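Asks: Okay, handing you the structure first.
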Amino acid sequence: MAENAFLKEVAEKKYAYGFETQVETEILDKGLSEDVVRMISGKKGEPEWLLNFRLEAYRYWQTQEQPSWGHLTLPDIDYQAISYYADPTKKAADDGKPKEIDPELMKAFDKLGIPLEERMALSGTAVDAVMDSVSVKTTFRDKLAEQGIIFCSISEAVKQHPDLVREYLGSVVPYRDNYFAALNSAVFSDGSFVYIPKGVRCPMELSTYFRINARGTGQFERTLIVCDDDAYVSYLEGCTAPMRDENQLHAAIVEIVVGTRAEVKYSTVQNWYPGDAEGKGGVLNLVTKRGLLKGDDSRLSWTQVETGSAVTWKYPSCVLQGNRSQAEFYSVAVTNNFQQADTGTKMIHLGRDTRSTIISKGISAGRSQNSYRGLVKVGKNADRARNYSSCDSLLLGSKCGAHTFPYMDVQNDSAVVEHEATTSKISEDQLFYCNQRGISTEDAVGLIVNGYAKDVLNKLPMEFAVEAQKLLNVSLEGAVG
Amino acid sequence: MMSEKQYIEFYQEERAEIFAHSPQWMNAHRDEAFRTFSAAGFPSRKVERYRYTDVAKDFAPNYGINTALRPTDAPEQALYNTIADGSDALVALNTMFAMECQTVHIGRGERPQHPIQIVNTLRGEHPEMVCRRILIVLEENAEADVIIIDRAASKQRFLTNQVVEVQCGDGSHLNLYEIEETHLLCTRYSSMFMRVGANCSVHHTSLTLFNGHTRNRCDVQLTGEHSEVVLNGCVIADKMQHVDNNTVIDHQVAHCDSRQLYKYVLDDSAVGAFAGRILVRPGAQHTTSQETNANLCATRTARMYTQPMLEIYADDVKCSHGSTVGQMNEDALFYMRQRGISEREARLLLKSAFITEVIEHIPLSSLRDRLLILVDRRLKGELSKCEGCKMCE
Amino acid sequence: MLEINNLHASIGGKEILKGINLTIADGEIHAVMGTNGAGKSTLSNVIVGHPAYEVTEGSITFNGQDLLAMSTEQRANAGIFLSFQAPTEIPGVSMTNFMRAAVNARRAALGAEALSAGEFLKLMREKRKIVELDAKLTSRSVNEGFSGGEKKRNEIFQMAMLEPTFCILDETDSGLDVDALRIVAEGFNKLRKPETSAIVITHYQRLLDYLHPNVVHVLIDGRIVKTAGPELAAEIEQKGFDWIKEEVGL
């Protein structure tokens with residue numbers, strides 16, 4: 001079976017993205033203070049309103065405590081032992097962008113399978129590549145600009161489209177939303193900005209690739225997507241980091257605004273370094289993602305494949321404000337070894353005839369803990385709101401844990417909200433059947449897991465789906481037997 | 001700590017009096033409970049298990065505390081306060097003030113012919129707080145039907161803070177029923193703790209027929225293999241009623257089966273909450289556990305919170321939960337109306353059909369039939385009218 | 001008995017009935033045939049007052065009363081009965097409780113006393129025989145766990161219990177084998193009083209062979225395009241609807 005041989009080959013690679021790139025990187029001294037916030041803002045040449053936004057967030061963050069409600073054991077994070085800004089691009093001109101990209105950086109992204117030369121790029125995908133705190137390059141910008149689409153790093157957007165950024169930044173995730181949102185709002189470095197004008201169907205997949213490279217730094221990216229009335233965009237996000245013994249902090253915010261009859265598809269394949277088999281190191285992935293379905297008949301779908309990170313704390317959410325708006329959340333979360341994931345979604349129904357669907361597949365192996373946590377809330381005026389949630393957990397091995405914590409809060413009598421959850425293991429019968437057909441147990445597990453996750457993988461754009469399938473196998477290597 | 005203050009002061013003032021009139025084996029736990037309560041205070045809504053009910057508010061009014069002076073003695077002294085969660089403020093508060101412990105003891109292999117009924121009637125001229133304590137012990141292979149009924153005979157504000165401890169010895173069978181039929185001025189806190197041995201069958205049915213503010217907690221520890229536990233509950237609430245059921249089934253050992261079915265019918269501005277946690281500990285293989293919570297909201301102002309939780313640390317298990325919040329089936333309503341049944345009656349029939357699924361599981365036929373009649377009357381509004389109440393007119 | 005004038009009706013903003021005129025006298029049976037989606041079931045739903053349908057124009061009078069001003073249950077209690085094409089399952093509501101509520105509502109409308117439990121059960125037993133309905137079925141929840149044929153028989157059983165004066169049989173023959181069809185049709189004939197009228201919606205001749213309609217209507221695209229005697233049904237069975245469409249220029 002050619003496919004299986006291929007999968008096995010991939011599986012043996014373990015974490016293939018653990019290399020470190022040697023580039024001259026400007027790293028801010030460790031520690032966090034108002035001065036640091038000012039310095040980050042100053043380096044980016046930000047206007048005063050943005051500095052004030054950061055400072056307010058910082059002051060609020062100082063009054064807050066790290067949340068403890070997740071089903072997670074978070075290592076103590078020393079926020080003073082982290083550097084909040086690392087710039088691997090060469091000292092550049094005033095606009096913050098280098099004239100030339102360091103060939104080492106180009107190579108690094110090539111190695112990750114993300115060529116930044118447009119002629120070599122995956123067909124139909126425009127990429128914004130972010131390493132540490134700075135956007136390295138955004139491809140196909142000119143082509144997109146012909147249709148009025150803005151796709152650039154958020155630092156550039158602040159300079160070139162200040163009105164748009166000012167209008168929407170923090171409008172979906174205010175800095176007071178939670179502890180990590182406040183931290184991000186204070187120190188966010190780079191990320192992508194997308195604006196799709198009225199009536200435009202974005203002709204290619206937009207994609208951001210995040211890479212943590214520098215040691216002892218945190219990544220605080222910020223993504224803002226605004227999809228105006230009758231527009232459409234499909235957006236992909238990928239992440240990796242080198243293997244290191246210490247934990248690295250990643251606290252991002254993604255905000256999405258969807259206009260009337262507009263549609264946004266957001267897909268993530270998260271493969272931050274998960275730590276080694278003994279649970280040492282790995283990325284702490286503490287992320288706030290939320291979309292506002294602002295206009296009537298708007299649509300938003302979140303699809304995520306979470307295989308990396310030592311700790312994942314992430315709830316891509318939807319606020320269904322427009323009447324007849326529709327939201328979807330599809331998730332596969334795989335944990336192995338000592339990984340911990342507490343992930344899920346929030347569906348807040350505010351408008352009439354709104355619909356949401358949640359499909360979550362958790363797979364736990366090794367000594368990992370994998371939790372689904374979700375909230376479905378139906379507001380007083382959300383007449384005839386509908387939600388269907390299905391959360392399945394698959395356990396591989398007897399030392400891991402799979403947990404489900406759905407919350408439902410219904411305030412409207414015409415709403416129908418349904419939740420189903422099951423927990424099971426791979427059946428001996430299925431394994432035996434595969435073995436009898438000559439498939440090794442490890443391959444059989446891969447096949448069965450991929451089948452189990454199929455409902456979600458099918459929602460990913462094609463190239464991502466292949467990537468995600470490979471990842472599932474890699475992540476579960478050594479989980480059985 | 002305003003709500004706590006009156007209880008702390010009362011205890012300090014009346015301690016000697018309480019000690020003088022209570023059995024030593026109950027007194028032995030009192031000071032410890034007092035320390036726990038003083039230190040912890042009432043749990044706030046930030047505490048996961050108390051999210052949906054504001055305890056401090058319910059305990060804030062000044063109730064006279066009923067310290068009935070009827071010392072009792074029972075052979076289970078050693079078990080007293082060992083099954084309940086002593087760190088819980090409500091348990092501690094009960095332990096501070098409870099002066100008698102109603103005890104049901106079924107000896108090894110015994111099987112009483114008739115169900116045992118404990119009827120609590122709240123009656124009084126003044127607002128009153130009752131600290132009721134019940135201990136049910138089934139020795140090996142014992143069997144019993146126990147019915148606990150809460151009633152209120154006078155239109156007065158009552159606050160009940162009950163703790164029930166249940167010990168089921170290996171091979172025992174217990175059918176336990178709790179029926180609350182009080183009125184809008186009554187507040188009830190019940191904390192039930194069951195410890196279940198091997199090869200047992202335990203069925204608990206709780207029925208909140210009429211009440212004011214109610215919070216029922218039910219914690220079950222499965223400590224022996226091959227036991228089954230069924231927790232069923234049904235709630236009919238309207239006006240400003242509040243009913244919060246909170247369960248934990250702790251599968252500590254392998255080969256046990258637990259099932260839960262809770263159904264709520266909410267009308268007017270009633271608030272319902274259900275939080276059920278299934279915990280499967282490492283090594284509790286071959287656990288099967290099922291949890292269902294279905295709810296009917298009949299008005300826009302009624303509100304339902306539901307929060308099923310699965311927490312699983314063993315891989316060879318079958319666990320599932322489902323919860324729904326919905327409304328009447330419109331097709332069924334139309335079908336009935338086409339047959340000439342008024343909309344009001346059609347709704348009544350559907351509500352009754354919805355809720356009686358829980359009652360139909362009750363094996364005790366006399367009780368089942370009586371409950372079916374009570375539910376019918378309750379849904380027709382015959383039980384819930386109170387004198388001089390604006391909402392009832 | 002029933003008079004429909006220029007009836008227009010829509011569902012979800014889509015017009016289905018586009019001006020129906022139909023007069024049915026006491027004791028008459030009218031067959032309504034037509035292609036799928038022509039509006040046959042909409043017509044029956046509008047007559048009995050399904051809340052999803054909106055009447056945008058026209059009138060329906062029943063024995064001189066304005067039917068459109070009445071609620072679904074008022075119409076039922078006035079004597080209108082619909083045998084559903086797909087009878088609804090109502091889990092948890094027993095046939096006995098359901099039927100007792102319906103029978104007593106009808107009796108109240110006629111000014112009769114409610115039946116005692118004993119009288120009611122006796123009535124159930126008698127009527128059950130007419131459609132050869134198994135006693136087991138009446139002890140179940142409404143239509144739950146019934147086979148397709150049992151559901152249809154159950155509809156006629158309910159008709160026997162409620163003694164309507166105007167019946168609509170909406171594809172009562174669908175899903176029935178030959179024997180079941182005979183039992184249902186003969187049951188209907190037995191129950192029918194001389195003054196009872198009916199609309200029979202069907203695709204097939206075989207039900208009409210039992211019921212002997214006075215008139216056959218063809219409903220296409222929300223309008224009655226052809227009305228003739230019982231021989232029309234046989235002709236449609238043979239030739240389909242295309243020739244009628246051509247005849248009326250559709």
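Simple scheme: letters A, B, ... for chains in structure tokens order, numbers from 1 for residues in each chain, numbers from 1 for ligands in the order shown.
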Select all residues from chain A having any atom no more than 8 Å from an atom of chain B (counting only C-alpha atoms, ignoring ligands), output as a ChimeraX atom specification.
Replies: /A:380,395-425
Asks: DSSP says alpha helix (DSSP H) for which residues of segment 42-207 of chain C? Put them as number ranges by chain?
Replies: C: 42-48, 72-77, 95-109, 117-130, 135-138, 148-162, 178-191, 205-207
Asks: Could you check which of C:Cys167, C:Asp66, C:Glu231, C:Ile244 is closest to Val218 of chain C, using only C-alpha atoms?
Replies: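 Of the candidates, the smallest distance to Val218 of chain C is held by C:Ile244.
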Asks: Name the residues in contact with segment 223-239 of chain B at a cut-off of 6 Å, using only C-alpha atoms, excluding same-chain residues fewer than 5 positions from it; report them as number ranges by chain.
Replies: B: 196-209, 252-270
Asks: List the neighbours of Arg128 of chain C out to 12 Å using only C-alpha atoms; skip same-chain residues closer than 3 positions along the sequence, and give me the result as a short mmCIF file (atom, residue, chain, number, x, y, z; two decimals) with all heavy atoms, in the first residue's frame.
Replies:
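Contents of the output file out-v9.cif:
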data_model
loop_
_atom_site.label_atom_id
_atom_site.label_comp_id
_atom_site.auth_asym_id
_atom_site.auth_seq_id
_atom_site.Cartn_x
_atom_site.Cartn_y
_atom_site.Cartn_z
N LEU C 121 -64.11 3.64 26.91
CA LEU C 121 -63.38 2.42 26.54
C LEU C 121 -64.27 1.48 25.72
O LEU C 121 -63.81 0.83 24.79
CB LEU C 121 -62.86 1.71 27.79
CG LEU C 121 -61.70 2.45 28.47
CD1 LEU C 121 -61.32 1.79 29.78
CD2 LEU C 121 -60.49 2.55 27.56
N LYS C 122 -65.57 1.47 26.08
CA LYS C 122 -66.52 0.65 25.33
C LYS C 122 -66.61 1.15 23.88
O LYS C 122 -66.57 0.35 22.93
CB LYS C 122 -67.90 0.74 26.02
CG LYS C 122 -68.94 -0.20 25.48
CD LYS C 122 -70.10 -0.36 26.47
CE LYS C 122 -71.34 -0.89 25.77
NZ LYS C 122 -72.28 0.16 25.33
N LEU C 123 -66.67 2.45 23.74
CA LEU C 123 -66.74 3.05 22.40
C LEU C 123 -65.48 2.69 21.60
O LEU C 123 -65.56 2.34 20.42
CB LEU C 123 -66.87 4.57 22.53
CG LEU C 123 -67.08 5.36 21.24
CD1 LEU C 123 -68.47 5.08 20.65
CD2 LEU C 123 -66.92 6.86 21.47
N MET C 124 -64.33 2.78 22.26
CA MET C 124 -63.06 2.44 21.60
C MET C 124 -63.12 1.01 21.06
O MET C 124 -62.74 0.75 19.92
CB MET C 124 -61.88 2.54 22.59
CG MET C 124 -61.48 3.92 23.00
SD MET C 124 -60.09 4.57 22.01
CE MET C 124 -58.71 3.79 22.78
N ARG C 125 -63.60 0.10 21.91
CA ARG C 125 -63.66 -1.31 21.51
C ARG C 125 -64.54 -1.50 20.28
O ARG C 125 -64.19 -2.19 19.34
CB ARG C 125 -64.20 -2.17 22.67
CG ARG C 125 -63.11 -2.65 23.61
CD ARG C 125 -63.59 -3.81 24.46
NE ARG C 125 -64.78 -3.50 25.24
CZ ARG C 125 -64.76 -2.86 26.43
NH1 ARG C 125 -63.61 -2.51 26.97
NH2 ARG C 125 -65.87 -2.60 27.09
N VAL C 131 -62.38 -1.07 11.69
CA VAL C 131 -61.19 -1.06 10.83
C VAL C 131 -60.22 -2.17 11.18
O VAL C 131 -59.08 -2.17 10.74
CB VAL C 131 -60.46 0.31 10.87
CG1 VAL C 131 -61.23 1.34 10.10
CG2 VAL C 131 -60.23 0.74 12.30
N GLU C 132 -60.72 -3.13 11.98
CA GLU C 132 -59.89 -4.28 12.38
C GLU C 132 -58.55 -3.81 12.92
O GLU C 132 -57.49 -4.31 12.56
CB GLU C 132 -59.72 -5.26 11.19
CG GLU C 132 -61.04 -5.76 10.66
CD GLU C 132 -60.90 -6.62 9.40
OE1 GLU C 132 -59.85 -7.27 9.26
OE2 GLU C 132 -61.84 -6.63 8.58
N LEU C 133 -58.60 -2.84 13.83
CA LEU C 133 -57.38 -2.30 14.42
C LEU C 133 -57.03 -3.13 15.66
O LEU C 133 -57.87 -3.34 16.53
CB LEU C 133 -57.59 -0.83 14.81
CG LEU C 133 -56.35 -0.02 15.16
CD1 LEU C 133 -55.49 0.20 13.94
CD2 LEU C 133 -56.74 1.32 15.76
N ASP C 134 -55.80 -3.57 15.73
CA ASP C 134 -55.35 -4.40 16.84
C ASP C 134 -55.45 -3.64 18.17
O ASP C 134 -55.08 -2.47 18.25
CB ASP C 134 -53.89 -4.79 16.58
CG ASP C 134 -53.50 -6.00 17.41
OD1 ASP C 134 -53.80 -6.01 18.62
OD2 ASP C 134 -52.90 -6.92 16.84
N ALA C 135 -55.94 -4.34 19.19
CA ALA C 135 -56.09 -3.70 20.51
C ALA C 135 -54.75 -3.20 21.04
O ALA C 135 -54.68 -2.20 21.74
CB ALA C 135 -56.71 -4.69 21.49
N LYS C 136 -53.70 -3.90 20.66
CA LYS C 136 -52.37 -3.49 21.14
C LYS C 136 -52.05 -2.06 20.71
O LYS C 136 -51.42 -1.30 21.42
CB LYS C 136 -51.30 -4.41 20.54
CG LYS C 136 -51.07 -5.68 21.33
CD LYS C 136 -49.84 -6.40 20.78
CE LYS C 136 -50.00 -6.68 19.33
NZ LYS C 136 -49.45 -7.92 18.82
N LEU C 137 -52.51 -1.71 19.49
CA LEU C 137 -52.16 -0.40 18.93
C LEU C 137 -52.79 0.74 19.73
O LEU C 137 -52.18 1.79 19.88
CB LEU C 137 -52.57 -0.31 17.46
CG LEU C 137 -51.87 -1.31 16.54
CD1 LEU C 137 -52.33 -1.10 15.11
CD2 LEU C 137 -50.36 -1.16 16.62
N THR C 138 -54.00 0.51 20.23
CA THR C 138 -54.65 1.62 20.96
C THR C 138 -54.02 1.82 22.33
O THR C 138 -54.31 2.80 22.99
CB THR C 138 -56.16 1.40 21.09
OG1 THR C 138 -56.39 0.10 21.63
CG2 THR C 138 -56.85 1.53 19.75
N SER C 139 -53.17 0.89 22.77
CA SER C 139 -52.53 1.11 24.07
C SER C 139 -51.15 1.76 23.90
O SER C 139 -50.49 2.07 24.87
CB SER C 139 -52.42 -0.21 24.83
OG SER C 139 -51.61 -1.10 24.08
N GLU C 150 -50.87 0.47 9.41
CA GLU C 150 -51.53 0.66 10.71
C GLU C 150 -51.86 2.13 10.96
O GLU C 150 -52.90 2.46 11.53
CB GLU C 150 -50.64 0.12 11.83
CG GLU C 150 -50.65 -1.40 11.89
CD GLU C 150 -49.53 -1.99 12.74
OE1 GLU C 150 -48.58 -1.25 13.09
OE2 GLU C 150 -49.61 -3.18 13.04
N ARG C 153 -54.97 2.93 9.00
CA ARG C 153 -56.13 2.35 9.67
C ARG C 153 -56.49 3.14 10.91
O ARG C 153 -57.65 3.35 11.24
CB ARG C 153 -55.82 0.90 10.07
CG ARG C 153 -56.39 -0.07 9.09
CD ARG C 153 -56.30 -1.44 9.65
NE ARG C 153 -55.29 -2.18 8.91
CZ ARG C 153 -55.04 -3.47 9.13
NH1 ARG C 153 -55.69 -4.12 10.07
NH2 ARG C 153 -54.16 -4.08 8.39
N ASN C 154 -55.45 3.58 11.59
CA ASN C 154 -55.66 4.37 12.80
C ASN C 154 -56.37 5.68 12.47
O ASN C 154 -57.19 6.16 13.26
CB ASN C 154 -54.30 4.63 13.46
CG ASN C 154 -54.44 5.23 14.85
OD1 ASN C 154 -55.49 5.08 15.49
ND2 ASN C 154 -53.40 5.89 15.32
N GLU C 155 -56.08 6.25 11.31
CA GLU C 155 -56.77 7.47 10.91
C GLU C 155 -58.26 7.23 10.77
O GLU C 155 -59.09 8.00 11.25
CB GLU C 155 -56.20 8.00 9.57
CG GLU C 155 -54.75 8.49 9.64
CD GLU C 155 -54.58 9.74 10.46
OE1 GLU C 155 -55.01 10.83 10.02
OE2 GLU C 155 -54.03 9.63 11.56
N ILE C 156 -58.60 6.10 10.09
CA ILE C 156 -60.02 5.80 9.88
C ILE C 156 -60.69 5.44 11.21
O ILE C 156 -61.84 5.79 11.45
CB ILE C 156 -60.18 4.64 8.85
CG1 ILE C 156 -59.50 5.02 7.53
CG2 ILE C 156 -61.65 4.33 8.61
CD1 ILE C 156 -60.01 6.29 6.86
N PHE C 157 -59.93 4.80 12.08
CA PHE C 157 -60.46 4.51 13.42
C PHE C 157 -60.82 5.81 14.14
O PHE C 157 -61.88 5.93 14.76
CB PHE C 157 -59.41 3.72 14.22
CG PHE C 157 -59.63 3.73 15.70
CD1 PHE C 157 -60.72 3.06 16.27
CD2 PHE C 157 -58.78 4.42 16.55
CE1 PHE C 157 -60.93 3.08 17.64
CE2 PHE C 157 -58.98 4.45 17.91
CZ PHE C 157 -60.06 3.78 18.47
N GLN C 158 -59.93 6.80 14.03
CA GLN C 158 -60.21 8.09 14.69
C GLN C 158 -61.43 8.75 14.07
O GLN C 158 -62.23 9.40 14.76
CB GLN C 158 -58.99 9.00 14.58
CG GLN C 158 -57.82 8.52 15.43
CD GLN C 158 -56.58 9.36 15.22
OE1 GLN C 158 -56.69 10.58 15.09
NE2 GLN C 158 -55.44 8.73 15.15
N MET C 159 -61.58 8.58 12.78
CA MET C 159 -62.76 9.12 12.09
C MET C 159 -64.02 8.46 12.67
O MET C 159 -65.02 9.13 12.94
CB MET C 159 -62.62 8.84 10.60
CG MET C 159 -63.75 9.38 9.78
SD MET C 159 -63.54 8.80 8.07
CE MET C 159 -65.25 8.54 7.69
N ALA C 160 -63.92 7.14 12.91
CA ALA C 160 -65.06 6.43 13.49
C ALA C 160 -65.40 6.99 14.86
O ALA C 160 -66.57 7.16 15.22
CB ALA C 160 -64.74 4.94 13.58
N MET C 161 -64.39 7.29 15.62
CA MET C 161 -64.59 7.81 16.98
C MET C 161 -65.22 9.19 16.96
O MET C 161 -66.03 9.54 17.80
CB MET C 161 -63.25 7.89 17.72
CG MET C 161 -62.60 6.56 18.02
SD MET C 161 -63.49 5.56 19.22
CE MET C 161 -63.21 6.48 20.73
N ILE C 183 -59.98 -2.94 3.61
CA ILE C 183 -60.46 -2.76 4.98
C ILE C 183 -60.71 -1.27 5.27
O ILE C 183 -61.74 -0.88 5.82
CB ILE C 183 -59.44 -3.33 5.99
CG1 ILE C 183 -59.39 -4.86 5.85
CG2 ILE C 183 -59.82 -2.96 7.42
CD1 ILE C 183 -58.19 -5.50 6.53
N VAL C 184 -59.75 -0.45 4.86
CA VAL C 184 -59.86 0.99 5.12
C VAL C 184 -61.05 1.58 4.34
O VAL C 184 -61.87 2.33 4.90
CB VAL C 184 -58.54 1.71 4.75
CG1 VAL C 184 -58.73 3.21 4.68
CG2 VAL C 184 -57.45 1.35 5.75
N GLY C 187 -64.29 0.31 5.66
CA GLY C 187 -64.51 0.96 6.95
C GLY C 187 -65.10 2.35 6.74
O GLY C 187 -66.08 2.73 7.38
N LEU C 191 -68.85 3.73 7.91
CA LEU C 191 -68.96 4.84 8.87
C LEU C 191 -69.75 6.00 8.31
O LEU C 191 -70.32 6.80 9.04
CB LEU C 191 -67.57 5.34 9.22
CG LEU C 191 -66.71 4.34 9.98
CD1 LEU C 191 -65.27 4.79 10.00
CD2 LEU C 191 -67.25 4.20 11.39
#
Asks: Please measure the separation of atom CA of Lys18 of chain C and atom CA of Thr56 of chain C, giving the value in Å to one decimal.
Replies: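 Separating atom CA of Lys18 of chain C from atom CA of Thr56 of chain C is a distance of 9.6 Å.
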Asks: Up to 10 Å from chain C, what residues of chain B turn up? Count only C-alpha atoms and give them as a PDB file with C-alpha atoms, in the first residue's frame.
Replies:
ATOM      1  CA  ASN B 329     -43.439  19.673  18.381  1.00  0.00           C
ATOM      2  CA  GLU B 330     -45.532  21.853  16.063  1.00  0.00           C
ATOM      3  CA  ASP B 331     -46.635  18.905  13.911  1.00  0.00           C
ATOM      4  CA  ALA B 332     -47.941  17.061  16.932  1.00  0.00           C
ATOM      5  CA  LEU B 333     -49.801  20.179  18.078  1.00  0.00           C
ATOM      6  CA  PHE B 334     -51.428  20.568  14.673  1.00  0.00           C
ATOM      7  CA  TYR B 335     -52.381  16.899  14.509  1.00  0.00           C
ATOM      8  CA  MET B 336     -54.123  17.138  17.857  1.00  0.00           C
ATOM      9  CA  ARG B 337     -55.868  20.377  17.007  1.00  0.00           C
ATOM     10  CA  GLN B 338     -57.134  18.806  13.786  1.00  0.00           C
ATOM     11  CA  ARG B 339     -58.745  16.193  15.998  1.00  0.00           C
ATOM     12  CA  GLY B 340     -60.538  18.992  17.837  1.00  0.00           C
ATOM     13  CA  ILE B 341     -58.318  19.161  20.913  1.00  0.00           C
ATOM     14  CA  SER B 342     -57.824  22.741  22.061  1.00  0.00           C
ATOM     15  CA  GLU B 343     -54.353  24.178  21.801  1.00  0.00           C
ATOM     16  CA  GLU B 345     -55.017  20.940  26.130  1.00  0.00           C
ATOM     17  CA  ALA B 346     -52.754  19.745  23.339  1.00  0.00           C
ATOM     18  CA  LEU B 349     -50.800  16.545  26.785  1.00  0.00           C
ATOM     19  CA  LEU B 350     -47.395  17.085  25.214  1.00  0.00           C
ATOM     20  CA  LYS B 351     -45.888  18.452  28.412  1.00  0.00           C
ATOM     21  CA  SER B 352     -47.284  15.576  30.366  1.00  0.00           C
ATOM     22  CA  ALA B 353     -46.016  13.034  27.854  1.00  0.00           C
ATOM     23  CA  PHE B 354     -42.611  14.665  27.984  1.00  0.00           C
ATOM     24  CA  ILE B 355     -42.286  14.579  31.743  1.00  0.00           C
ATOM     25  CA  THR B 356     -43.888  11.245  32.482  1.00  0.00           C
ATOM     26  CA  GLU B 357     -41.090   9.399  30.715  1.00  0.00           C
TER      27      GLU B 357
END
Asks: Going by DSSP on the backbone, which residues of segment 387-430 of chain A come out as strand (DSSP E or B)? List them as a PyMOL selection string.
Replies: chain A and resi 387-396+401-410+416-425
Asks: Limited to C-alpha atoms, could you put the picked residues into a file as a PDB file, in the first residue's frame?
Replies:
ATOM      1  CA  ASN A 387     -27.716  24.709  17.263  1.00  0.00           C
ATOM      2  CA  TYR A 388     -26.471  21.230  16.802  1.00  0.00           C
ATOM      3  CA  SER A 389     -23.339  20.099  18.592  1.00  0.00           C
ATOM      4  CA  SER A 390     -21.604  16.796  18.394  1.00  0.00           C
ATOM      5  CA  CYS A 391     -18.458  16.098  20.361  1.00  0.00           C
ATOM      6  CA  ASP A 392     -16.742  12.774  20.085  1.00  0.00           C
ATOM      7  CA  SER A 393     -13.672  11.617  21.905  1.00  0.00           C
ATOM      8  CA  LEU A 394     -11.403   8.782  20.960  1.00  0.00           C
ATOM      9  CA  LEU A 395      -9.010   7.340  23.519  1.00  0.00           C
ATOM     10  CA  LEU A 396      -5.847   5.538  22.478  1.00  0.00           C
ATOM     11  CA  GLY A 401      -7.965  11.561  29.436  1.00  0.00           C
ATOM     12  CA  ALA A 402     -10.828  12.820  27.283  1.00  0.00           C
ATOM     13  CA  HIS A 403     -13.257  15.331  28.661  1.00  0.00           C
ATOM     14  CA  THR A 404     -16.285  17.210  27.487  1.00  0.00           C
ATOM     15  CA  PHE A 405     -17.594  20.391  29.072  1.00  0.00           C
ATOM     16  CA  PRO A 406     -20.416  21.833  27.014  1.00  0.00           C
ATOM     17  CA  TYR A 407     -22.384  24.731  28.440  1.00  0.00           C
ATOM     18  CA  MET A 408     -25.821  25.661  27.163  1.00  0.00           C
ATOM     19  CA  ASP A 409     -27.661  28.814  28.119  1.00  0.00           C
ATOM     20  CA  VAL A 410     -31.000  29.235  26.401  1.00  0.00           C
ATOM     21  CA  VAL A 416     -33.770  24.362  19.532  1.00  0.00           C
ATOM     22  CA  VAL A 417     -30.388  23.391  20.903  1.00  0.00           C
ATOM     23  CA  GLU A 418     -29.037  19.874  20.766  1.00  0.00           C
ATOM     24  CA  HIS A 419     -25.853  18.394  22.085  1.00  0.00           C
ATOM     25  CA  GLU A 420     -24.479  14.912  21.734  1.00  0.00           C
ATOM     26  CA  ALA A 421     -21.227  13.492  22.970  1.00  0.00           C
ATOM     27  CA  THR A 422     -19.650  10.090  22.978  1.00  0.00           C
ATOM     28  CA  THR A 423     -16.376   8.694  24.215  1.00  0.00           C
ATOM     29  CA  SER A 424     -14.972   5.493  22.895  1.00  0.00           C
ATOM     30  CA  LYS A 425     -11.810   3.697  21.912  1.00  0.00           C
TER      31      LYS A 425
END
Asks: Find the spatial neighbours of segment 149-154 of chain A, counting only C-alpha atoms, within a cut-off of 8 Å - ignore same-chain residues fewer than 4 positions away - and output them as a ChimeraX atom specification.
Replies: /A:128,135,138,141,144-145,158,190-197,202,222-224
Asks: Contacts of segment 100-110 of chain B at 6 Å or less, counting only C-alpha atoms, minus same-chain residues fewer than 5 places along, as a list in words?
Replies: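 Residues near the query, excluding close chain neighbours: Pro71, Thr72, Arg133, Ile134, Leu135, Ile136, Val137, Leu138, Glu139, Glu140, Asn141 and Ala142 of chain B.
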Asks: Point out the residue among C:Leu115, C:Ala86, C:Ile4, C:Val215 with the least atom-to-atom distance to Gly58 of chain C, counting only C-alpha atoms.
Replies: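 Once distances to Gly58 of chain C are computed over only C-alpha atoms, the minimum belongs to C:Ile4.
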Asks: Just the residues within 7 Å of Gly275 of chain A, please, counting only C-alpha atoms, with nothing from its chain fewer than 6 positions along; format it as an NGL selection string.
Replies: :A and (281-282 or 310)
